[in-house]
Amino acid sequence: MSGPQAPTAVAGNTPRRRRVIVRGVVQGVGFRPYLYGLATELALAGHVTNTPEGVVAEVEGSASAVARFCDLIAAQAPPLARVESVHHQEMPPVGGTAFTILTSRTGGPARTLVSPDSATCADCLVELAAPADRRYRHPFVNCTHCGPRFTIVTGVPYDRANTTMAGFAMCTDCAREYEDPADRRFHAQPVACPACGPRLRLVLAQEGRIGKGEGADPVAEDFVTEDPVTEDPVTEDPVTGARALLKRGAILAVKGLGGYHLACDASNQDAVVLLRRRKARGDKPFAVMARTADDVRHLVRLSPAERSLLEGRARPVVLMRRRPHPPYAPGDLRPAEAVAPGSPDLGVMLPYTPVHHLLLGLPGDPDGPELLVMTSGNLSGEPIVTDDNEALERLAHLADAWLTHDRPIHVPCDDSVVRVCDGEPLVIRRSRGYTPLPLSLPLPVRPTLAVGGDLKNAFCLGTGRQAWLSAHIGDMDDVGTQRTFERAVSQLESITGVRPEALVADRHPGYRSAGWADRNAARRPVVRVQHHHAHIAAAMAEHGLDGTRPVIGVAFDGTGHGDDGAVWGGEFLVADYDRFTRFGHLTYVPLPGGDAAVRRPYRMALSHLRAAGIDWSDDLACTTACLPDELHVLERQLERGLNCVPTSSMGRLFDAVSSLAGVCHRAGYEAQAAVELEGAALHAPADDTGAYAFALHASQESRGDGVVRADPAPVLAAIVGDLRGGVEPALVAARFHRGVTGLVHRMCVRARERHGLDTVALTGGVFANTLLSSACATALREDGFTVLRHHLVPPNDGGLALGQLMVAARATPSPTPTD
């Protein structure tokens, strides 16, 4: 791209000079040395520097060379760079023959972008494993093409002084590389080596702790450690000691880029069970880390798209379908049963830091675990730990040892989670490797902060036509998470330069995120946006829709505050950014006991059966799962409507069917019942095409403008009939998925007939279910609909803030369009 004032090249040797401003992810990614090399190659004079608004260069030489320089800026940019704009301005020539790199300038509004953290590049991995290289086995090897970025940035411009590497003075060798424009580490801000960089440290718990789970104070040891069993001193580097501990079944707290992981040998059943118990994980699946994608090919159905995600620079956790009966061969990796019990998917990531590669072992290393559980260093529900002292305290009852280092983490950043649906990425959690890359907006917005929801919180800053979605924050019930949220808002504002003039929050009166917005408004307007309207707006924004034409929004999730005070979640809305109309929804049923019904899906099954007029007979799995005393109390509760908010949630209907089919009666983690129901459906015979059918009822049918209610009573009656006829749970699960697919199609056809619309947005956490998402998209497209699904932001509440931002843009004055 170039500014409108960019002149065309002219013939002749008359010197020309241009000032060039390059905006985007152009700092800390080798952009200045790239421009230095380009200018030198073209025999141009001038200079280049970093500024808060981007990379600024002045080039002088022949008109053709100057034009060529500007043409190549974006075309041949370094691998981690992302050029958003290139603007030129003619200047009078000043002479000179050299091109130089100037010291970065500070001051002025921040306009540049910070790169996400990036996996260790191939060149650095060669150095890591080369005994003759001075960075052999250096746990912090990096260059301008890889390594930490976002998590170490304390300010802009992106220079070493504005990172957590500021306290590490470079040795002579590193300083020479850092100052050499021809070197791969020219102005690589985290550059270091064993002589001058951060240092690893192995900290052991007290004797006898390993594998037993008792609480104990940590004992700090550096390069000489003491074996906790034999008490013999062992001289070794921290990674060697850590690998030995992992091999013996220990649980390690490992300091990573954006926080601590808890790691153990994924092939050791006892170690995985112990980690699960200590972390209070329930049955929630763990992610595993393997050396290469080929190491897990026998465990999962690995597609080219999934391989690309696994091996890319972002290195997210990739959820892939497990092979039901892996074809094990000698030497194949075998994860313990406790890694992902009941899950149809296995979450896999590849190493993305030098420490990970060292933990998994380099060629010639002693045997050690080849498959590691890598899970966030925290108790379930708490924020990830980043501070070293806090790690020793908060993880003391979780870890047997700490593999830590002295480079501070400035920004917490969990691993991202992605899956592939119909060959396209579906982001489940957008965090490390993706944040803080901006999203392009279809409409300009004034400087605004959208605070998101309370589950899977992520907030969003926006201005002009750009938005920055934060890293995953977590669930706002925890006080520590709320503090993390506040620090993350301050940090993202500082590096983006966005100073919000308005705030946006969910309409739920009890959301802690909304309460924070109210308390911190400081006379700025706070716009409230309905939950499912925001979901649909997020899908529209991601696909570049300007809102001039409404879409049919299908928003399926577990919970969202409805305008009538009910809990919504099975919604069919006709929406644009300005407004929405509720076209249809699942019929209301009582939500008995609120969160208790979420944790115990059998309660939702019994509530749905009662609403459908079906007796709670003892031959139904959900009835026998409920203890007699609780069953009696639940019956009275439903009769009297005590603590029974009405809900239209599709997520709760999935829970109900999961329990009714005998798949899952108690949920130890969010959406467990639905996840296991999806997994069951995958095992249904391929030749079965049966589908359960919802009943559709519309008020004011004669006028044709009534809200359509989708009644699951016939579905439940058919399921009960099938179960009593001996139909397997897998078939019930598959027929239910096809029934929901049919419902989505029928409702969208009705909306098209009534409103003349043919674009459908599928959104909400239920559409993280790829079996359902794929089936719905296929059915709709075959009938001529355009289908919008999420690829860049999560369909769940992790993407909610983007939609809030876009709706608020229409409720508050917008700025004049800018760059």
# chains A, B, ... in the order shown; residues from 1 in each chain; ligands from 1
>>> residues_around(residues="A:Val418", least_positions_apart="2", cutoff="7 Å", atoms="only C-alpha atoms", output="PyMOL selection string")
chain A and resi 316-319+416+420+425-429
>>> write_last_selection(atoms="N, CA and C atoms", output="PDB file, in the first residue's frame")
ATOM      1  N   PRO A 316      -0.197 -23.231  18.444  1.00  0.00           N
ATOM      2  CA  PRO A 316      -1.284 -23.402  19.405  1.00  0.00           C
ATOM      3  C   PRO A 316      -1.434 -24.865  19.796  1.00  0.00           C
ATOM      4  N   VAL A 317      -2.263 -25.112  20.797  1.00  0.00           N
ATOM      5  CA  VAL A 317      -2.775 -26.457  21.035  1.00  0.00           C
ATOM      6  C   VAL A 317      -3.799 -26.726  19.937  1.00  0.00           C
ATOM      7  N   VAL A 318      -3.632 -27.823  19.214  1.00  0.00           N
ATOM      8  CA  VAL A 318      -4.554 -28.179  18.141  1.00  0.00           C
ATOM      9  C   VAL A 318      -5.372 -29.388  18.594  1.00  0.00           C
ATOM     10  N   LEU A 319      -6.690 -29.223  18.629  1.00  0.00           N
ATOM     11  CA  LEU A 319      -7.586 -30.319  18.989  1.00  0.00           C
ATOM     12  C   LEU A 319      -7.854 -31.157  17.745  1.00  0.00           C
ATOM     13  N   SER A 416      -2.833 -20.768  23.074  1.00  0.00           N
ATOM     14  CA  SER A 416      -4.024 -20.710  22.235  1.00  0.00           C
ATOM     15  C   SER A 416      -4.502 -22.125  21.942  1.00  0.00           C
ATOM     16  N   VAL A 420      -9.750 -27.659  13.637  1.00  0.00           N
ATOM     17  CA  VAL A 420     -10.042 -27.474  12.218  1.00  0.00           C
ATOM     18  C   VAL A 420     -11.438 -27.999  11.936  1.00  0.00           C
ATOM     19  N   PRO A 425      -9.483 -23.149  10.046  1.00  0.00           N
ATOM     20  CA  PRO A 425      -9.236 -23.059  11.492  1.00  0.00           C
ATOM     21  C   PRO A 425     -10.455 -22.531  12.237  1.00  0.00           C
ATOM     22  N   LEU A 426     -10.676 -23.075  13.413  1.00  0.00           N
ATOM     23  CA  LEU A 426     -11.723 -22.613  14.322  1.00  0.00           C
ATOM     24  C   LEU A 426     -11.038 -22.342  15.656  1.00  0.00           C
ATOM     25  N   VAL A 427     -10.865 -21.075  15.980  1.00  0.00           N
ATOM     26  CA  VAL A 427     -10.153 -20.701  17.195  1.00  0.00           C
ATOM     27  C   VAL A 427     -11.063 -20.891  18.398  1.00  0.00           C
ATOM     28  N   ILE A 428     -10.604 -21.674  19.364  1.00  0.00           N
ATOM     29  CA  ILE A 428     -11.363 -21.886  20.595  1.00  0.00           C
ATOM     30  C   ILE A 428     -10.881 -20.931  21.690  1.00  0.00           C
ATOM     31  N   ARG A 429      -9.568 -20.711  21.727  1.00  0.00           N
ATOM     32  CA  ARG A 429      -8.999 -19.729  22.672  1.00  0.00           C
ATOM     33  C   ARG A 429      -7.892 -18.980  21.936  1.00  0.00           C
TER      34      ARG A 429
END
>>> closest_atom_pairs(of="stretch 737-808 of chain A", to="stretch 558-581 of chain A", cutoff="8 Å", atoms="only C-alpha atoms", output="tab-separated table")
residue	atom	partner	partner_atom	distance
A:Met747	CA	A:Phe572	CA	7.6
A:Ala751	CA	A:Val574	CA	8.0
A:Gly765	CA	A:Gly558	CA	7.3
A:Val766	CA	A:Gly558	CA	7.5
A:Met806	CA	A:Tyr577	CA	6.5
A:Val807	CA	A:Tyr577	CA	4.9
>>> closest_residue(among="A:Met320, A:Ala253, A:Ala693, A:Ile101", to="A:Pro181", atoms="only C-alpha atoms")
A:Ile101
>>> closest_residue(among="A:Gly799, A:Gly553, A:Pro238, A:Gly147", to="A:Ala538", atoms="only C-alpha atoms")
A:Gly799
>>> closest_residue(among="A:Ser376, A:Pro601, A:Pro550, A:Tyr34", to="A:Ala75", atoms="only C-alpha atoms")
A:Tyr34
>>> closest_atom_pairs(of="stretch 460-502 of chain A", to="stretch 255-277 of chain A", cutoff="12 Å", atoms="only C-alpha atoms", output="tab-separated table")
residue	atom	partner	partner_atom	distance
A:Ala471	CA	A:Gly258	CA	10.1
A:His472	CA	A:Gly258	CA	11.1
A:Ile473	CA	A:Gly258	CA	11.9
>>> write_last_selection(atoms="C-alpha atoms", output="tab-separated table (two decimals), in the first residue's frame")
chain	number	residue	atom	x	y	z
A	471	ALA	CA	-5.14	-12.60	25.29
A	472	HIS	CA	-7.39	-15.05	27.12
A	473	ILE	CA	-8.02	-13.70	30.63
>>> select_by_dssp(residues="stretch 13-58 of chain A", states="strand (DSSP E or B)", output="list in words")
Arg16, Arg17, Arg18, Arg19, Val20, Ile21, Val22, Arg23, Gly24, Val25, Val26, Gln27, Ala45, Gly46, His47, Val48, Thr49, Asn50, Thr51, Gly54, Val55, Val56, Ala57 and Glu58 of chain A
>>> atom_distance(atom1="atom CA of A:Thr163", atom2="atom CA of A:Val254")
21.2 Å
>>> residues_around(residues="stretch 287-297 of chain A", least_positions_apart="4", cutoff="8 Å", atoms="only C-alpha atoms", output="PyMOL selection string")
chain A and resi 266+301-302+307+310-311+317+332-333+339+346-351+357+360+370-375
>>> residues_around(residues="A:Val527", least_positions_apart="2", cutoff="8 Å", atoms="only C-alpha atoms", output="ChimeraX atom specification")
/A:502-505,525,529,808,811
>>> write_last_selection(atoms="N, CA and C atoms", output="mmCIF file, in the first residue's frame")
data_model
loop_
_atom_site.group_PDB
_atom_site.id
_atom_site.type_symbol
_atom_site.label_atom_id
_atom_site.label_comp_id
_atom_site.auth_asym_id
_atom_site.auth_seq_id
_atom_site.Cartn_x
_atom_site.Cartn_y
_atom_site.Cartn_z
ATOM 1 N N ALA A 502 -15.176 5.499 25.391
ATOM 2 C CA ALA A 502 -16.424 4.832 25.759
ATOM 3 C C ALA A 502 -16.098 3.402 26.160
ATOM 4 N N LEU A 503 -16.973 2.819 26.975
ATOM 5 C CA LEU A 503 -16.825 1.441 27.405
ATOM 6 C C LEU A 503 -18.084 0.668 27.021
ATOM 7 N N VAL A 504 -17.924 -0.640 26.817
ATOM 8 C CA VAL A 504 -19.038 -1.496 26.420
ATOM 9 C C VAL A 504 -19.029 -2.734 27.301
ATOM 10 N N ALA A 505 -20.220 -3.181 27.707
ATOM 11 C CA ALA A 505 -20.326 -4.353 28.569
ATOM 12 C C ALA A 505 -21.593 -5.122 28.248
ATOM 13 N N PRO A 525 -19.229 7.229 28.631
ATOM 14 C CA PRO A 525 -20.450 6.428 28.474
ATOM 15 C C PRO A 525 -20.137 4.937 28.551
ATOM 16 N N VAL A 529 -24.737 -4.166 25.820
ATOM 17 C CA VAL A 529 -25.085 -4.900 24.611
ATOM 18 C C VAL A 529 -25.593 -6.281 24.984
ATOM 19 N N ALA A 808 -21.561 -1.171 19.838
ATOM 20 C CA ALA A 808 -21.393 0.126 20.497
ATOM 21 C C ALA A 808 -20.998 1.205 19.509
ATOM 22 N N ALA A 811 -23.957 2.830 18.492
ATOM 23 C CA ALA A 811 -24.714 3.493 19.557
ATOM 24 C C ALA A 811 -24.039 4.773 20.032
#
>>> residues_around(residues="A:Cys171", least_positions_apart="2", cutoff="12 Å", atoms="only C-alpha atoms", output="list in words")
Phe168, Ala169, Asp173, Cys174, Ala175, Arg176, Glu177, Tyr178, Val191, Ala192, Cys193, Pro194, Ala195, Cys196 and Gly197 of chain A
>>> write_last_selection(atoms="N, CA and C atoms", output="tab-separated table (two decimals), in the first residue's frame")
chain	number	residue	atom	x	y	z
A	168	PHE	N	19.49	-7.19	31.42
A	168	PHE	CA	20.56	-8.10	31.01
A	168	PHE	C	21.50	-7.36	30.05
A	169	ALA	N	22.67	-6.99	30.56
A	169	ALA	CA	23.66	-6.30	29.72
A	169	ALA	C	24.29	-7.29	28.75
A	173	ASP	N	30.26	-10.27	22.45
A	173	ASP	CA	29.85	-11.02	21.26
A	173	ASP	C	28.41	-10.71	20.88
A	174	CYS	N	27.50	-10.70	21.86
A	174	CYS	CA	26.10	-10.40	21.56
A	174	CYS	C	25.93	-8.97	21.09
A	175	ALA	N	26.67	-8.04	21.69
A	175	ALA	CA	26.58	-6.63	21.29
A	175	ALA	C	27.03	-6.47	19.84
A	176	ARG	N	28.07	-7.23	19.44
A	176	ARG	CA	28.54	-7.14	18.05
A	176	ARG	C	27.46	-7.64	17.08
A	177	GLU	N	26.80	-8.74	17.42
A	177	GLU	CA	25.70	-9.23	16.58
A	177	GLU	C	24.55	-8.22	16.54
A	178	TYR	N	24.25	-7.66	17.69
A	178	TYR	CA	23.13	-6.74	17.82
A	178	TYR	C	23.35	-5.48	16.98
A	191	VAL	N	18.06	-10.75	22.43
A	191	VAL	CA	19.31	-11.45	22.13
A	191	VAL	C	20.12	-11.67	23.40
A	192	ALA	N	20.70	-12.85	23.52
A	192	ALA	CA	21.50	-13.21	24.69
A	192	ALA	C	22.25	-14.49	24.37
A	193	CYS	N	23.15	-14.86	25.26
A	193	CYS	CA	23.89	-16.10	25.13
A	193	CYS	C	24.17	-16.61	26.54
A	194	PRO	N	24.80	-17.77	26.69
A	194	PRO	CA	25.06	-18.28	28.05
A	194	PRO	C	25.90	-17.34	28.91
A	195	ALA	N	26.68	-16.47	28.27
A	195	ALA	CA	27.54	-15.59	29.04
A	195	ALA	C	26.81	-14.38	29.61
A	196	CYS	N	25.69	-13.96	28.99
A	196	CYS	CA	25.08	-12.70	29.42
A	196	CYS	C	23.56	-12.77	29.57
A	197	GLY	N	22.94	-13.88	29.25
A	197	GLY	CA	21.49	-13.93	29.22
A	197	GLY	C	20.86	-14.46	30.48
>>> decode(residues="stretch 348-395 of chain A", atoms="N, CA and C atoms", output="PDB file, in the first residue's frame")
ATOM      1  N   VAL A 348      -2.917 -31.367  21.077  1.00  0.00           N
ATOM      2  CA  VAL A 348      -1.478 -31.561  20.870  1.00  0.00           C
ATOM      3  C   VAL A 348      -0.843 -30.229  20.514  1.00  0.00           C
ATOM      4  N   MET A 349       0.348 -29.971  21.058  1.00  0.00           N
ATOM      5  CA  MET A 349       1.157 -28.850  20.597  1.00  0.00           C
ATOM      6  C   MET A 349       2.595 -29.317  20.458  1.00  0.00           C
ATOM      7  N   LEU A 350       3.330 -28.609  19.633  1.00  0.00           N
ATOM      8  CA  LEU A 350       4.743 -28.890  19.438  1.00  0.00           C
ATOM      9  C   LEU A 350       5.563 -27.867  20.226  1.00  0.00           C
ATOM     10  N   PRO A 351       6.804 -28.192  20.547  1.00  0.00           N
ATOM     11  CA  PRO A 351       7.623 -27.269  21.347  1.00  0.00           C
ATOM     12  C   PRO A 351       7.801 -25.932  20.642  1.00  0.00           C
ATOM     13  N   TYR A 352       7.713 -24.850  21.414  1.00  0.00           N
ATOM     14  CA  TYR A 352       7.845 -23.524  20.807  1.00  0.00           C
ATOM     15  C   TYR A 352       8.888 -22.663  21.494  1.00  0.00           C
ATOM     16  N   THR A 353       9.564 -23.197  22.516  1.00  0.00           N
ATOM     17  CA  THR A 353      10.690 -22.496  23.132  1.00  0.00           C
ATOM     18  C   THR A 353      11.881 -23.443  23.186  1.00  0.00           C
ATOM     19  N   PRO A 354      13.093 -22.899  23.301  1.00  0.00           N
ATOM     20  CA  PRO A 354      14.265 -23.773  23.445  1.00  0.00           C
ATOM     21  C   PRO A 354      14.160 -24.690  24.666  1.00  0.00           C
ATOM     22  N   VAL A 355      13.581 -24.202  25.746  1.00  0.00           N
ATOM     23  CA  VAL A 355      13.430 -25.035  26.945  1.00  0.00           C
ATOM     24  C   VAL A 355      12.589 -26.264  26.638  1.00  0.00           C
ATOM     25  N   HIS A 356      11.526 -26.106  25.869  1.00  0.00           N
ATOM     26  CA  HIS A 356      10.698 -27.254  25.501  1.00  0.00           C
ATOM     27  C   HIS A 356      11.509 -28.283  24.711  1.00  0.00           C
ATOM     28  N   HIS A 357      12.296 -27.812  23.759  1.00  0.00           N
ATOM     29  CA  HIS A 357      13.111 -28.730  22.961  1.00  0.00           C
ATOM     30  C   HIS A 357      14.113 -29.465  23.847  1.00  0.00           C
ATOM     31  N   LEU A 358      14.695 -28.757  24.801  1.00  0.00           N
ATOM     32  CA  LEU A 358      15.650 -29.392  25.702  1.00  0.00           C
ATOM     33  C   LEU A 358      14.967 -30.399  26.619  1.00  0.00           C
ATOM     34  N   LEU A 359      13.771 -30.072  27.088  1.00  0.00           N
ATOM     35  CA  LEU A 359      13.045 -31.001  27.958  1.00  0.00           C
ATOM     36  C   LEU A 359      12.704 -32.303  27.237  1.00  0.00           C
ATOM     37  N   LEU A 360      12.365 -32.193  25.963  1.00  0.00           N
ATOM     38  CA  LEU A 360      12.050 -33.384  25.185  1.00  0.00           C
ATOM     39  C   LEU A 360      13.305 -34.116  24.716  1.00  0.00           C
ATOM     40  N   GLY A 361      14.459 -33.446  24.843  1.00  0.00           N
ATOM     41  CA  GLY A 361      15.728 -34.097  24.557  1.00  0.00           C
ATOM     42  C   GLY A 361      16.266 -33.814  23.178  1.00  0.00           C
ATOM     43  N   LEU A 362      17.568 -33.524  23.113  1.00  0.00           N
ATOM     44  CA  LEU A 362      18.263 -33.359  21.851  1.00  0.00           C
ATOM     45  C   LEU A 362      18.915 -34.685  21.468  1.00  0.00           C
ATOM     46  N   PRO A 363      19.334 -34.834  20.209  1.00  0.00           N
ATOM     47  CA  PRO A 363      20.006 -36.075  19.811  1.00  0.00           C
ATOM     48  C   PRO A 363      21.184 -36.389  20.723  1.00  0.00           C
ATOM     49  N   GLY A 364      21.233 -37.625  21.205  1.00  0.00           N
ATOM     50  CA  GLY A 364      22.312 -38.051  22.089  1.00  0.00           C
ATOM     51  C   GLY A 364      22.015 -37.887  23.562  1.00  0.00           C
ATOM     52  N   ASP A 365      20.926 -37.209  23.912  1.00  0.00           N
ATOM     53  CA  ASP A 365      20.575 -37.062  25.321  1.00  0.00           C
ATOM     54  C   ASP A 365      20.132 -38.399  25.911  1.00  0.00           C
ATOM     55  N   PRO A 366      20.295 -38.567  27.241  1.00  0.00           N
ATOM     56  CA  PRO A 366      19.765 -39.776  27.890  1.00  0.00           C
ATOM     57  C   PRO A 366      18.260 -39.887  27.678  1.00  0.00           C
ATOM     58  N   ASP A 367      17.740 -41.099  27.797  1.00  0.00           N
ATOM     59  CA  ASP A 367      16.306 -41.308  27.626  1.00  0.00           C
ATOM     60  C   ASP A 367      15.514 -40.475  28.623  1.00  0.00           C
ATOM     61  N   GLY A 368      14.417 -39.976  28.156  1.00  0.00           N
ATOM     62  CA  GLY A 368      13.507 -39.219  29.009  1.00  0.00           C
ATOM     63  C   GLY A 368      12.129 -39.252  28.395  1.00  0.00           C
ATOM     64  N   PRO A 369      11.160 -38.621  29.007  1.00  0.00           N
ATOM     65  CA  PRO A 369       9.805 -38.605  28.439  1.00  0.00           C
ATOM     66  C   PRO A 369       9.794 -37.969  27.052  1.00  0.00           C
ATOM     67  N   GLU A 370       9.093 -38.615  26.125  1.00  0.00           N
ATOM     68  CA  GLU A 370       8.975 -38.095  24.765  1.00  0.00           C
ATOM     69  C   GLU A 370       7.625 -37.464  24.501  1.00  0.00           C
ATOM     70  N   LEU A 371       6.739 -37.580  25.467  1.00  0.00           N
ATOM     71  CA  LEU A 371       5.408 -36.972  25.380  1.00  0.00           C
ATOM     72  C   LEU A 371       5.100 -36.388  26.742  1.00  0.00           C
ATOM     73  N   LEU A 372       4.859 -35.080  26.783  1.00  0.00           N
ATOM     74  CA  LEU A 372       4.646 -34.381  28.052  1.00  0.00           C
ATOM     75  C   LEU A 372       3.239 -33.829  28.138  1.00  0.00           C
ATOM     76  N   VAL A 373       2.616 -33.974  29.288  1.00  0.00           N
ATOM     77  CA  VAL A 373       1.442 -33.162  29.587  1.00  0.00           C
ATOM     78  C   VAL A 373       1.933 -31.749  29.843  1.00  0.00           C
ATOM     79  N   MET A 374       1.297 -30.775  29.202  1.00  0.00           N
ATOM     80  CA  MET A 374       1.611 -29.362  29.426  1.00  0.00           C
ATOM     81  C   MET A 374       0.302 -28.638  29.678  1.00  0.00           C
ATOM     82  N   THR A 375       0.072 -28.266  30.916  1.00  0.00           N
ATOM     83  CA  THR A 375      -1.167 -27.585  31.276  1.00  0.00           C
ATOM     84  C   THR A 375      -0.829 -26.319  32.042  1.00  0.00           C
ATOM     85  N   SER A 376      -1.725 -25.357  32.045  1.00  0.00           N
ATOM     86  CA  SER A 376      -1.436 -24.059  32.655  1.00  0.00           C
ATOM     87  C   SER A 376      -1.132 -24.211  34.140  1.00  0.00           C
ATOM     88  N   GLY A 377      -0.182 -23.426  34.594  1.00  0.00           N
ATOM     89  CA  GLY A 377       0.261 -23.485  35.984  1.00  0.00           C
ATOM     90  C   GLY A 377      -0.673 -22.720  36.901  1.00  0.00           C
ATOM     91  N   ASN A 378      -1.724 -23.387  37.315  1.00  0.00           N
ATOM     92  CA  ASN A 378      -2.699 -22.781  38.208  1.00  0.00           C
ATOM     93  C   ASN A 378      -3.642 -23.859  38.709  1.00  0.00           C
ATOM     94  N   LEU A 379      -4.420 -23.512  39.715  1.00  0.00           N
ATOM     95  CA  LEU A 379      -5.563 -24.333  40.076  1.00  0.00           C
ATOM     96  C   LEU A 379      -6.691 -24.000  39.120  1.00  0.00           C
ATOM     97  N   SER A 380      -7.562 -24.960  38.865  1.00  0.00           N
ATOM     98  CA  SER A 380      -8.678 -24.714  37.956  1.00  0.00           C
ATOM     99  C   SER A 380      -9.460 -23.491  38.408  1.00  0.00           C
ATOM    100  N   GLY A 381      -9.687 -22.566  37.473  1.00  0.00           N
ATOM    101  CA  GLY A 381     -10.442 -21.349  37.769  1.00  0.00           C
ATOM    102  C   GLY A 381      -9.590 -20.160  38.133  1.00  0.00           C
ATOM    103  N   GLU A 382      -8.297 -20.370  38.446  1.00  0.00           N
ATOM    104  CA  GLU A 382      -7.415 -19.272  38.803  1.00  0.00           C
ATOM    105  C   GLU A 382      -6.611 -18.830  37.594  1.00  0.00           C
ATOM    106  N   PRO A 383      -6.076 -17.589  37.612  1.00  0.00           N
ATOM    107  CA  PRO A 383      -5.249 -17.137  36.492  1.00  0.00           C
ATOM    108  C   PRO A 383      -3.914 -17.856  36.461  1.00  0.00           C
ATOM    109  N   ILE A 384      -3.297 -17.923  35.285  1.00  0.00           N
ATOM    110  CA  ILE A 384      -1.996 -18.546  35.140  1.00  0.00           C
ATOM    111  C   ILE A 384      -0.961 -17.768  35.939  1.00  0.00           C
ATOM    112  N   VAL A 385      -0.013 -18.479  36.547  1.00  0.00           N
ATOM    113  CA  VAL A 385       1.015 -17.861  37.379  1.00  0.00           C
ATOM    114  C   VAL A 385       2.154 -17.378  36.487  1.00  0.00           C
ATOM    115  N   THR A 386       2.631 -16.147  36.719  1.00  0.00           N
ATOM    116  CA  THR A 386       3.746 -15.592  35.958  1.00  0.00           C
ATOM    117  C   THR A 386       4.906 -15.165  36.848  1.00  0.00           C
ATOM    118  N   ASP A 387       4.628 -14.753  38.066  1.00  0.00           N
ATOM    119  CA  ASP A 387       5.666 -14.249  38.972  1.00  0.00           C
ATOM    120  C   ASP A 387       6.381 -15.417  39.647  1.00  0.00           C
ATOM    121  N   ASP A 388       7.708 -15.326  39.756  1.00  0.00           N
ATOM    122  CA  ASP A 388       8.490 -16.442  40.277  1.00  0.00           C
ATOM    123  C   ASP A 388       8.195 -16.717  41.748  1.00  0.00           C
ATOM    124  N   ASN A 389       8.168 -15.688  42.572  1.00  0.00           N
ATOM    125  CA  ASN A 389       7.869 -15.901  43.993  1.00  0.00           C
ATOM    126  C   ASN A 389       6.451 -16.437  44.184  1.00  0.00           C
ATOM    127  N   GLU A 390       5.532 -15.902  43.382  1.00  0.00           N
ATOM    128  CA  GLU A 390       4.154 -16.382  43.450  1.00  0.00           C
ATOM    129  C   GLU A 390       4.074 -17.843  43.013  1.00  0.00           C
ATOM    130  N   ALA A 391       4.905 -18.219  42.043  1.00  0.00           N
ATOM    131  CA  ALA A 391       4.907 -19.609  41.579  1.00  0.00           C
ATOM    132  C   ALA A 391       5.348 -20.551  42.685  1.00  0.00           C
ATOM    133  N   LEU A 392       6.380 -20.156  43.440  1.00  0.00           N
ATOM    134  CA  LEU A 392       6.847 -21.004  44.535  1.00  0.00           C
ATOM    135  C   LEU A 392       5.790 -21.149  45.617  1.00  0.00           C
ATOM    136  N   GLU A 393       4.957 -20.124  45.771  1.00  0.00           N
ATOM    137  CA  GLU A 393       3.918 -20.172  46.804  1.00  0.00           C
ATOM    138  C   GLU A 393       2.643 -20.842  46.305  1.00  0.00           C
ATOM    139  N   ARG A 394       2.110 -20.364  45.169  1.00  0.00           N
ATOM    140  CA  ARG A 394       0.813 -20.854  44.712  1.00  0.00           C
ATOM    141  C   ARG A 394       0.877 -22.256  44.123  1.00  0.00           C
ATOM    142  N   LEU A 395       2.036 -22.639  43.623  1.00  0.00           N
ATOM    143  CA  LEU A 395       2.165 -23.962  43.023  1.00  0.00           C
ATOM    144  C   LEU A 395       2.850 -24.960  43.944  1.00  0.00           C
TER     145      LEU A 395
END
